[in-house]
Amino acid sequence: MAVPLINDNKGIKTFVVDEGHGVKGLSELRMKTLPQLFIQPREKRLDMTKVVHHESIPVIDMSDWEDPKVMKRICDAAENWGFFQVVNHGVPVRVLDDVKEAAKRFFLLPADEKKKYLFKNSSTKNVRLVSSFIPEVDKVYEWKDYLSCFYVSDDEASAFWPSVCRDQLLEYMKESEALIKTLLKVLITRLDIPKLDETNEPFLMGSRRINLNYYPICPNPELTVGVGSHSDVSTLTILLQDKTGGLYVRKLDSDNWVHVPPIKGSLTINIGDALQIMSNGRYKSIEHHVIANGLENRVSVPLFVNPRPIDVIGPLPQVIARGEKALYKHVLYSDYVKHFYRKPHNGKDTIDFAKL
Ligand SMILES: COc1cc(/C=C/C(=O)SCCNC(=O)CCNC(=O)[C@H](O)C(C)(C)COP(=O)(O)OP(=O)(O)OC[C@H]2O[C@@H](n3cnc4c(N)ncnc43)[C@H](O)[C@@H]2OP(=O)(O)O)ccc1O
Ligand SMILES: O=C(O)CCC(=O)C(=O)O
Ligand SMILES: [Fe+2]
């Protein structure tokens, strides 16, 4: 294994991406300083002076979700924060712990084993191991590796998902189904849609993607990002984070950021662009950002709940029927996602693709 020099961007890329060592492999070289390829311009890093400590995203107890007061809190959080945490959500804590362990197990595999899942080697396009966000497009890299698995069927997952984490991911997807339906049921009531049924389930929750994010220890965390500021392109994202912390959320219509503190057994929910578009801007997909960490490795597991790639999404007819002017055009969801994957993270700019 040839060890690259820190200012040799080409050598670093070869080591991280082509040879499949990942950012984790680079971290394990214990370099004293961050390779140049990862040094983000100041405006792309999180400005810690903009972090407010006296506010936090709502934490909602879901045990009594049919209570109109709880339903109101969920819809208000989706409108005013775009992000909230849920506790007593019905997904067993054991299942969540198993997923985090499975994620660590995957990233602990030797590089030669993990390499099989790089896009160029993968036998399916539904499973891919990636470093940074899009290494072919990113000019400056993010300090993260991730495995992304698009769910097609249990049989397809059995055939292609890595065996060290597959069962835990599938169990997590099954166990979170009821929570996803509950959240969507509640959220659509405010859009004058009385129930979740076969007419709307496909475009609200017709496809799933689960990512395993690994943020290894970083020599100069203040100079880079774990994930740059972005909004998700999903309908909803259900995020499981470990106890490390480091996720920051932009406060609506402001320049301030709030930390999302890890709460044992909780899940973080965020609204994605697809739901912002379908609700004609009522529910907000909010920018978020992950910092790098100099002391601890971090894992997180976002479960992206999406329309199907073949769905055409736009403001829902029930919303427009109330007399609102449409803010977004209709777009094919797979075109929207492809647009997201063709450019580096840049705040909320993906949604411009659908703006009228
Ligand atoms: C990853 O780090 C992230 C992620 C995020 C937030 C992510 C989300 O919100 S994920 C929700 C994604 N939505 C879906 O998966 C919806 C359903 N899927 C689809 O619509 C399709 O799978 C598709 C993504 C459109 C791909 O369809 P298809 O044409 O059959 O497949 P390809 O030919 O393989 O890909 C087309 C195009 O997309 C690029 N791409 C696809 N998946 C990924 C991926 N996981 N990572 C990187 N790039 C991907 C692929 O390169 C192709 O690009 P072209 O330019 O060649 O067309 C937030 C923050 C993060 O850091
Ligand atoms: O790691 C996190 O806490 C968030 C990751 C994220 O925003 C994403 O993968 O889309
Ligand atoms: Fe995200």
# chains A, B, ... in the order shown; residues from 1 in each chain; ligands from 1
>>> select_by_dssp(residues="stretch 153-291 of chain A", states="strand (DSSP E)", output="VMD selection string")
chain A and resid 207 to 215 227 to 230 236 to 241 247 to 250 257 to 259 267 to 271 288 to 290
>>> residues_around(residues="A:Lys72", least_positions_apart="4", cutoff="12 Å", atoms="only C-alpha atoms", output="list in words")
Ile60, Met62, Trp65, Glu66, Asp67, Pro68, Asp76, Ala77, Ala78, Glu79, Asn80, Leu183, Val186, Leu187, Ile188, Thr189 and Arg190 of chain A
>>> atom_distance(atom1="atom CA of A:Tyr146", atom2="atom CA of A:Asn211")
6.4 Å
>>> residues_near_ligand(ligand="ligand 1", cutoff="6 Å", atoms="only C-alpha atoms and all ligand atoms", output="number ranges by chain")
A: 125, 133-134, 148, 207, 209, 227, 232-234, 304, 306, 308-309, 334, 337-338, 341-342
>>> write_last_selection(atoms="N, CA and C atoms", output="mmCIF file, in the first residue's frame")
data_model
loop_
_atom_site.group_PDB
_atom_site.id
_atom_site.type_symbol
_atom_site.label_atom_id
_atom_site.label_comp_id
_atom_site.auth_asym_id
_atom_site.auth_seq_id
_atom_site.Cartn_x
_atom_site.Cartn_y
_atom_site.Cartn_z
ATOM 1 N N LYS A 125 -26.609 -1.753 -8.953
ATOM 2 C CA LYS A 125 -26.465 -0.314 -8.689
ATOM 3 C C LYS A 125 -27.243 0.108 -7.452
ATOM 4 N N PHE A 133 -19.110 12.909 -0.669
ATOM 5 C CA PHE A 133 -20.515 12.821 -1.085
ATOM 6 C C PHE A 133 -20.560 12.207 -2.482
ATOM 7 N N ILE A 134 -19.983 12.920 -3.447
ATOM 8 C CA ILE A 134 -19.877 12.367 -4.811
ATOM 9 C C ILE A 134 -18.429 12.616 -5.244
ATOM 10 N N SER A 148 -24.672 2.943 0.759
ATOM 11 C CA SER A 148 -26.044 3.313 0.431
ATOM 12 C C SER A 148 -26.763 2.103 -0.163
ATOM 13 N N SER A 207 -40.700 4.315 -1.897
ATOM 14 C CA SER A 207 -39.357 3.732 -1.985
ATOM 15 C C SER A 207 -38.533 4.119 -0.760
ATOM 16 N N ARG A 209 -34.426 4.202 0.950
ATOM 17 C CA ARG A 209 -32.978 4.035 0.826
ATOM 18 C C ARG A 209 -32.404 4.152 2.222
ATOM 19 N N VAL A 227 -20.526 16.214 6.804
ATOM 20 C CA VAL A 227 -21.426 16.392 5.656
ATOM 21 C C VAL A 227 -21.663 17.881 5.518
ATOM 22 N N ASP A 232 -32.366 17.055 2.603
ATOM 23 C CA ASP A 232 -32.552 15.730 1.998
ATOM 24 C C ASP A 232 -33.590 15.820 0.875
ATOM 25 N N VAL A 233 -33.511 14.881 -0.060
ATOM 26 C CA VAL A 233 -34.458 14.919 -1.180
ATOM 27 C C VAL A 233 -35.652 13.984 -0.944
ATOM 28 N N SER A 234 -35.714 13.443 0.238
ATOM 29 C CA SER A 234 -36.739 12.465 0.607
ATOM 30 C C SER A 234 -38.102 13.117 0.883
ATOM 31 N N PHE A 304 -34.126 6.948 4.361
ATOM 32 C CA PHE A 304 -34.817 7.933 3.523
ATOM 33 C C PHE A 304 -36.109 7.308 2.993
ATOM 34 N N ASN A 306 -39.097 7.831 0.509
ATOM 35 C CA ASN A 306 -39.180 8.643 -0.716
ATOM 36 C C ASN A 306 -40.402 8.287 -1.547
ATOM 37 N N ARG A 308 -41.649 6.972 -5.285
ATOM 38 C CA ARG A 308 -40.966 6.034 -6.190
ATOM 39 C C ARG A 308 -40.263 6.838 -7.288
ATOM 40 N N PRO A 309 -39.174 6.300 -7.846
ATOM 41 C CA PRO A 309 -38.490 7.043 -8.913
ATOM 42 C C PRO A 309 -39.428 7.438 -10.063
ATOM 43 N N SER A 334 -37.273 10.759 -10.158
ATOM 44 C CA SER A 334 -35.901 10.274 -10.442
ATOM 45 C C SER A 334 -35.058 11.386 -11.074
ATOM 46 N N VAL A 337 -33.849 13.436 -8.112
ATOM 47 C CA VAL A 337 -32.767 12.781 -7.355
ATOM 48 C C VAL A 337 -31.462 12.815 -8.157
ATOM 49 N N LYS A 338 -31.574 12.597 -9.464
ATOM 50 C CA LYS A 338 -30.351 12.635 -10.288
ATOM 51 C C LYS A 338 -29.729 14.027 -10.238
ATOM 52 N N TYR A 341 -27.712 14.354 -7.171
ATOM 53 C CA TYR A 341 -26.459 13.597 -7.207
ATOM 54 C C TYR A 341 -25.476 14.083 -8.273
ATOM 55 N N ARG A 342 -25.784 15.198 -8.907
ATOM 56 C CA ARG A 342 -24.850 15.683 -9.940
ATOM 57 C C ARG A 342 -24.041 16.879 -9.488
#
>>> atom_distance(atom1="atom CA of A:Pro58", atom2="atom CA of A:Pro194")
24.9 Å
>>> residues_around(residues="stretch 91-94 of chain A", least_positions_apart="2", cutoff="7 Å", atoms="only C-alpha atoms", output="PDB file with N, CA, C and O atoms, in the first residue's frame")
ATOM      1  N   HIS A  89     -41.406   5.827  20.316  1.00  0.00           N
ATOM      2  CA  HIS A  89     -41.885   5.766  18.930  1.00  0.00           C
ATOM      3  C   HIS A  89     -42.238   4.359  18.491  1.00  0.00           C
ATOM      4  O   HIS A  89     -42.688   4.152  17.368  1.00  0.00           O
ATOM      5  N   LEU A  96     -32.520  -0.682  17.316  1.00  0.00           N
ATOM      6  CA  LEU A  96     -31.677   0.491  16.993  1.00  0.00           C
ATOM      7  C   LEU A  96     -30.217   0.200  17.338  1.00  0.00           C
ATOM      8  O   LEU A  96     -29.301   0.523  16.564  1.00  0.00           O
ATOM      9  N   ASP A  97     -30.013  -0.417  18.505  1.00  0.00           N
ATOM     10  CA  ASP A  97     -28.633  -0.741  18.902  1.00  0.00           C
ATOM     11  C   ASP A  97     -28.008  -1.728  17.912  1.00  0.00           C
ATOM     12  O   ASP A  97     -26.832  -1.605  17.553  1.00  0.00           O
ATOM     13  N   ASP A  98     -28.813  -2.691  17.487  1.00  0.00           N
ATOM     14  CA  ASP A  98     -28.292  -3.687  16.528  1.00  0.00           C
ATOM     15  C   ASP A  98     -27.874  -3.028  15.210  1.00  0.00           C
ATOM     16  O   ASP A  98     -26.882  -3.422  14.586  1.00  0.00           O
ATOM     17  N   GLU A 175     -39.427  -2.679  11.311  1.00  0.00           N
ATOM     18  CA  GLU A 175     -39.900  -2.173  12.611  1.00  0.00           C
ATOM     19  C   GLU A 175     -40.240  -0.682  12.563  1.00  0.00           C
ATOM     20  O   GLU A 175     -40.944  -0.190  13.433  1.00  0.00           O
ATOM     21  N   SER A 176     -39.700   0.036  11.591  1.00  0.00           N
ATOM     22  CA  SER A 176     -40.000   1.474  11.561  1.00  0.00           C
ATOM     23  C   SER A 176     -41.191   1.814  10.653  1.00  0.00           C
ATOM     24  O   SER A 176     -41.623   2.966  10.591  1.00  0.00           O
ATOM     25  N   GLY A 265     -32.232   6.100  22.569  1.00  0.00           N
ATOM     26  CA  GLY A 265     -33.503   5.509  22.126  1.00  0.00           C
ATOM     27  C   GLY A 265     -34.338   6.408  21.223  1.00  0.00           C
ATOM     28  O   GLY A 265     -35.385   5.995  20.743  1.00  0.00           O
TER      29      GLY A 265
END
>>> residues_around(residues="A:Trp161", least_positions_apart="3", cutoff="12 Å", atoms="only C-alpha atoms", output="VMD selection string")
chain A and resid 106 114 116 to 117 122 to 129 147 to 158 164 to 170 210 to 212
>>> write_last_selection(atoms="N, CA and C atoms", output="JSON list (two decimals), in the first residue's frame")
[["chain", "number", "residue", "atom", "x", "y", "z"],
["A", 106, "PHE", "N", -19.77, -3.31, 9.49],
["A", 106, "PHE", "CA", -19.48, -3.17, 8.06],
["A", 106, "PHE", "C", -18.19, -2.38, 7.86],
["A", 114, "LYS", "N", -14.55, -4.61, 1.69],
["A", 114, "LYS", "CA", -15.47, -3.48, 1.43],
["A", 114, "LYS", "C", -15.43, -3.05, -0.04],
["A", 116, "LYS", "N", -15.66, -4.57, -2.64],
["A", 116, "LYS", "CA", -16.66, -5.22, -3.50],
["A", 116, "LYS", "C", -17.89, -4.34, -3.69],
["A", 117, "TYR", "N", -18.09, -3.41, -2.75],
["A", 117, "TYR", "CA", -19.31, -2.60, -2.78],
["A", 117, "TYR", "C", -19.10, -1.24, -3.42],
["A", 122, "SER", "N", -19.46, -3.15, -7.77],
["A", 122, "SER", "CA", -20.71, -3.69, -7.22],
["A", 122, "SER", "C", -21.50, -4.41, -8.31],
["A", 123, "SER", "N", -22.11, -5.55, -7.94],
["A", 123, "SER", "CA", -22.87, -6.29, -8.94],
["A", 123, "SER", "C", -24.29, -5.73, -9.09],
["A", 124, "THR", "N", -24.61, -4.71, -8.34],
["A", 124, "THR", "CA", -25.91, -4.06, -8.48],
["A", 124, "THR", "C", -25.74, -2.56, -8.30],
["A", 125, "LYS", "N", -26.61, -1.75, -8.95],
["A", 125, "LYS", "CA", -26.46, -0.31, -8.69],
["A", 125, "LYS", "C", -27.24, 0.11, -7.45],
["A", 126, "ASN", "N", -27.91, -0.84, -6.83],
["A", 126, "ASN", "CA", -28.67, -0.50, -5.62],
["A", 126, "ASN", "C", -27.84, -0.50, -4.35],
["A", 127, "VAL", "N", -26.60, -0.95, -4.43],
["A", 127, "VAL", "CA", -25.72, -0.94, -3.25],
["A", 127, "VAL", "C", -24.42, -0.28, -3.66],
["A", 128, "ARG", "N", -24.05, 0.77, -2.96],
["A", 128, "ARG", "CA", -22.76, 1.39, -3.29],
["A", 128, "ARG", "C", -22.07, 2.00, -2.08],
["A", 129, "LEU", "N", -20.77, 1.76, -2.05],
["A", 129, "LEU", "CA", -19.93, 2.32, -0.98],
["A", 129, "LEU", "C", -19.21, 3.53, -1.57],
["A", 147, "LEU", "N", -22.24, 3.72, 3.04],
["A", 147, "LEU", "CA", -22.77, 2.62, 2.24],
["A", 147, "LEU", "C", -24.24, 2.95, 2.01],
["A", 148, "SER", "N", -24.67, 2.94, 0.76],
["A", 148, "SER", "CA", -26.04, 3.31, 0.43],
["A", 148, "SER", "C", -26.76, 2.10, -0.16],
["A", 149, "CYS", "N", -27.90, 1.73, 0.41],
["A", 149, "CYS", "CA", -28.64, 0.55, -0.06],
["A", 149, "CYS", "C", -30.07, 0.95, -0.41],
["A", 150, "PHE", "N", -30.42, 0.81, -1.66],
["A", 150, "PHE", "CA", -31.78, 1.10, -2.12],
["A", 150, "PHE", "C", -32.59, -0.19, -2.00],
["A", 151, "TYR", "N", -33.74, -0.11, -1.30],
["A", 151, "TYR", "CA", -34.52, -1.33, -1.05],
["A", 151, "TYR", "C", -35.42, -1.66, -2.24],
["A", 152, "VAL", "N", -35.28, -2.87, -2.73],
["A", 152, "VAL", "CA", -36.14, -3.33, -3.81],
["A", 152, "VAL", "C", -37.04, -4.44, -3.28],
["A", 153, "SER", "N", -36.44, -5.44, -2.64],
["A", 153, "SER", "CA", -37.21, -6.55, -2.06],
["A", 153, "SER", "C", -36.29, -7.28, -1.08],
["A", 154, "ASP", "N", -36.88, -8.11, -0.22],
["A", 154, "ASP", "CA", -36.05, -8.88, 0.71],
["A", 154, "ASP", "C", -35.11, -9.81, -0.06],
["A", 155, "ASP", "N", -35.62, -10.39, -1.14],
["A", 155, "ASP", "CA", -34.79, -11.33, -1.91],
["A", 155, "ASP", "C", -33.59, -10.61, -2.52],
["A", 156, "GLU", "N", -33.86, -9.42, -3.06],
["A", 156, "GLU", "CA", -32.76, -8.65, -3.67],
["A", 156, "GLU", "C", -31.74, -8.26, -2.60],
["A", 157, "ALA", "N", -32.25, -7.87, -1.42],
["A", 157, "ALA", "CA", -31.33, -7.51, -0.32],
["A", 157, "ALA", "C", -30.51, -8.73, 0.10],
["A", 158, "SER", "N", -31.18, -9.89, 0.17],
["A", 158, "SER", "CA", -30.44, -11.11, 0.55],
["A", 158, "SER", "C", -29.31, -11.39, -0.43],
["A", 164, "VAL", "N", -22.90, -8.79, 6.73],
["A", 164, "VAL", "CA", -22.61, -8.37, 8.11],
["A", 164, "VAL", "C", -23.64, -7.37, 8.66],
["A", 165, "CYS", "N", -24.45, -6.79, 7.77],
["A", 165, "CYS", "CA", -25.42, -5.80, 8.28],
["A", 165, "CYS", "C", -26.82, -5.98, 7.72],
["A", 166, "ARG", "N", -26.98, -6.86, 6.74],
["A", 166, "ARG", "CA", -28.24, -6.95, 6.01],
["A", 166, "ARG", "C", -29.45, -7.22, 6.92],
["A", 167, "ASP", "N", -29.36, -8.24, 7.77],
["A", 167, "ASP", "CA", -30.53, -8.62, 8.57],
["A", 167, "ASP", "C", -30.96, -7.50, 9.51],
["A", 168, "GLN", "N", -29.96, -6.82, 10.08],
["A", 168, "GLN", "CA", -30.27, -5.74, 11.02],
["A", 168, "GLN", "C", -30.94, -4.56, 10.29],
["A", 169, "LEU", "N", -30.46, -4.28, 9.08],
["A", 169, "LEU", "CA", -31.06, -3.17, 8.32],
["A", 169, "LEU", "C", -32.49, -3.51, 7.91],
["A", 170, "LEU", "N", -32.69, -4.75, 7.50],
["A", 170, "LEU", "CA", -34.04, -5.15, 7.09],
["A", 170, "LEU", "C", -35.00, -5.14, 8.28],
["A", 210, "ILE", "N", -31.50, 3.25, 2.57],
["A", 210, "ILE", "CA", -30.88, 3.32, 3.89],
["A", 210, "ILE", "C", -29.38, 3.53, 3.68],
["A", 211, "ASN", "N", -28.84, 4.50, 4.40],
["A", 211, "ASN", "CA", -27.39, 4.76, 4.31],
["A", 211, "ASN", "C", -26.74, 4.47, 5.65],
["A", 212, "LEU", "N", -25.53, 3.93, 5.60],
["A", 212, "LEU", "CA", -24.71, 3.79, 6.81],
["A", 212, "LEU", "C", -23.60, 4.81, 6.67]]
>>> residues_near_ligand(ligand="ligand 2", cutoff="10 Å", atoms="only C-alpha atoms and all ligand atoms", output="PyMOL selection string")
chain A and resi 133+144+146+148+210-215+226-234+237-242+244-249+260+262+268+270+272+287-291+298-304
>>> residues_around(residues="A:Tyr328", least_positions_apart="5", cutoff="8 Å", atoms="only C-alpha atoms", output="number ranges by chain")
A: 277, 280, 314-315, 354-356
>>> write_last_selection(atoms="C-alpha atoms", output="compact mmCIF listing (two decimals), in the first residue's frame")
# COMPACT_ATOMS: atom_id res chain seq x y z
CA ILE A 277 -42.80 20.36 -2.74
CA ASN A 280 -46.44 23.55 -1.50
CA GLY A 314 -45.69 18.54 -7.36
CA PRO A 315 -47.99 20.47 -5.01
CA ALA A 354 -38.63 22.40 -9.00
CA LYS A 355 -39.35 26.08 -8.34
CA LEU A 356 -41.80 27.91 -10.59
>>> atom_distance(atom1="atom CA of A:Ser27", atom2="atom CA of A:Val140")
16.6 Å
>>> select_by_dssp(residues="stretch 10-180 of chain A", states="alpha helix (DSSP H)", output="ChimeraX atom specification")
/A:10-13,22-27,68-80,93-108,111-114,154-160,166-175,177-180
>>> closest_residue(among="A:Gly22, A:Gly281, A:Gly90, A:Pro110", to="A:Glu142", atoms="only C-alpha atoms")
A:Gly22
>>> closest_residue(among="A:Asn256, A:Gln40, A:Asn220, A:Gln318", to="A:Glu55", atoms="only C-alpha atoms")
A:Asn256
>>> residues_around(residues="A:Ala2", least_positions_apart="5", cutoff="12 Å", atoms="only C-alpha atoms", output="list of chain:residue names")
A:Gly11, A:Ile12, A:Thr14, A:Phe15, A:Val16, A:Glu19, A:His21, A:Leu26, A:Leu29
>>> residues_around(residues="A:Thr224", least_positions_apart="6", cutoff="7 Å", atoms="only C-alpha atoms", output="JSON, numbers by chain")
{"A": [38, 39, 40, 45, 142, 143, 292]}
>>> closest_residue(among="A:His259, A:Arg30, A:Arg208, A:Lys284", to="A:Lys348", atoms="only C-alpha atoms")
A:Lys284
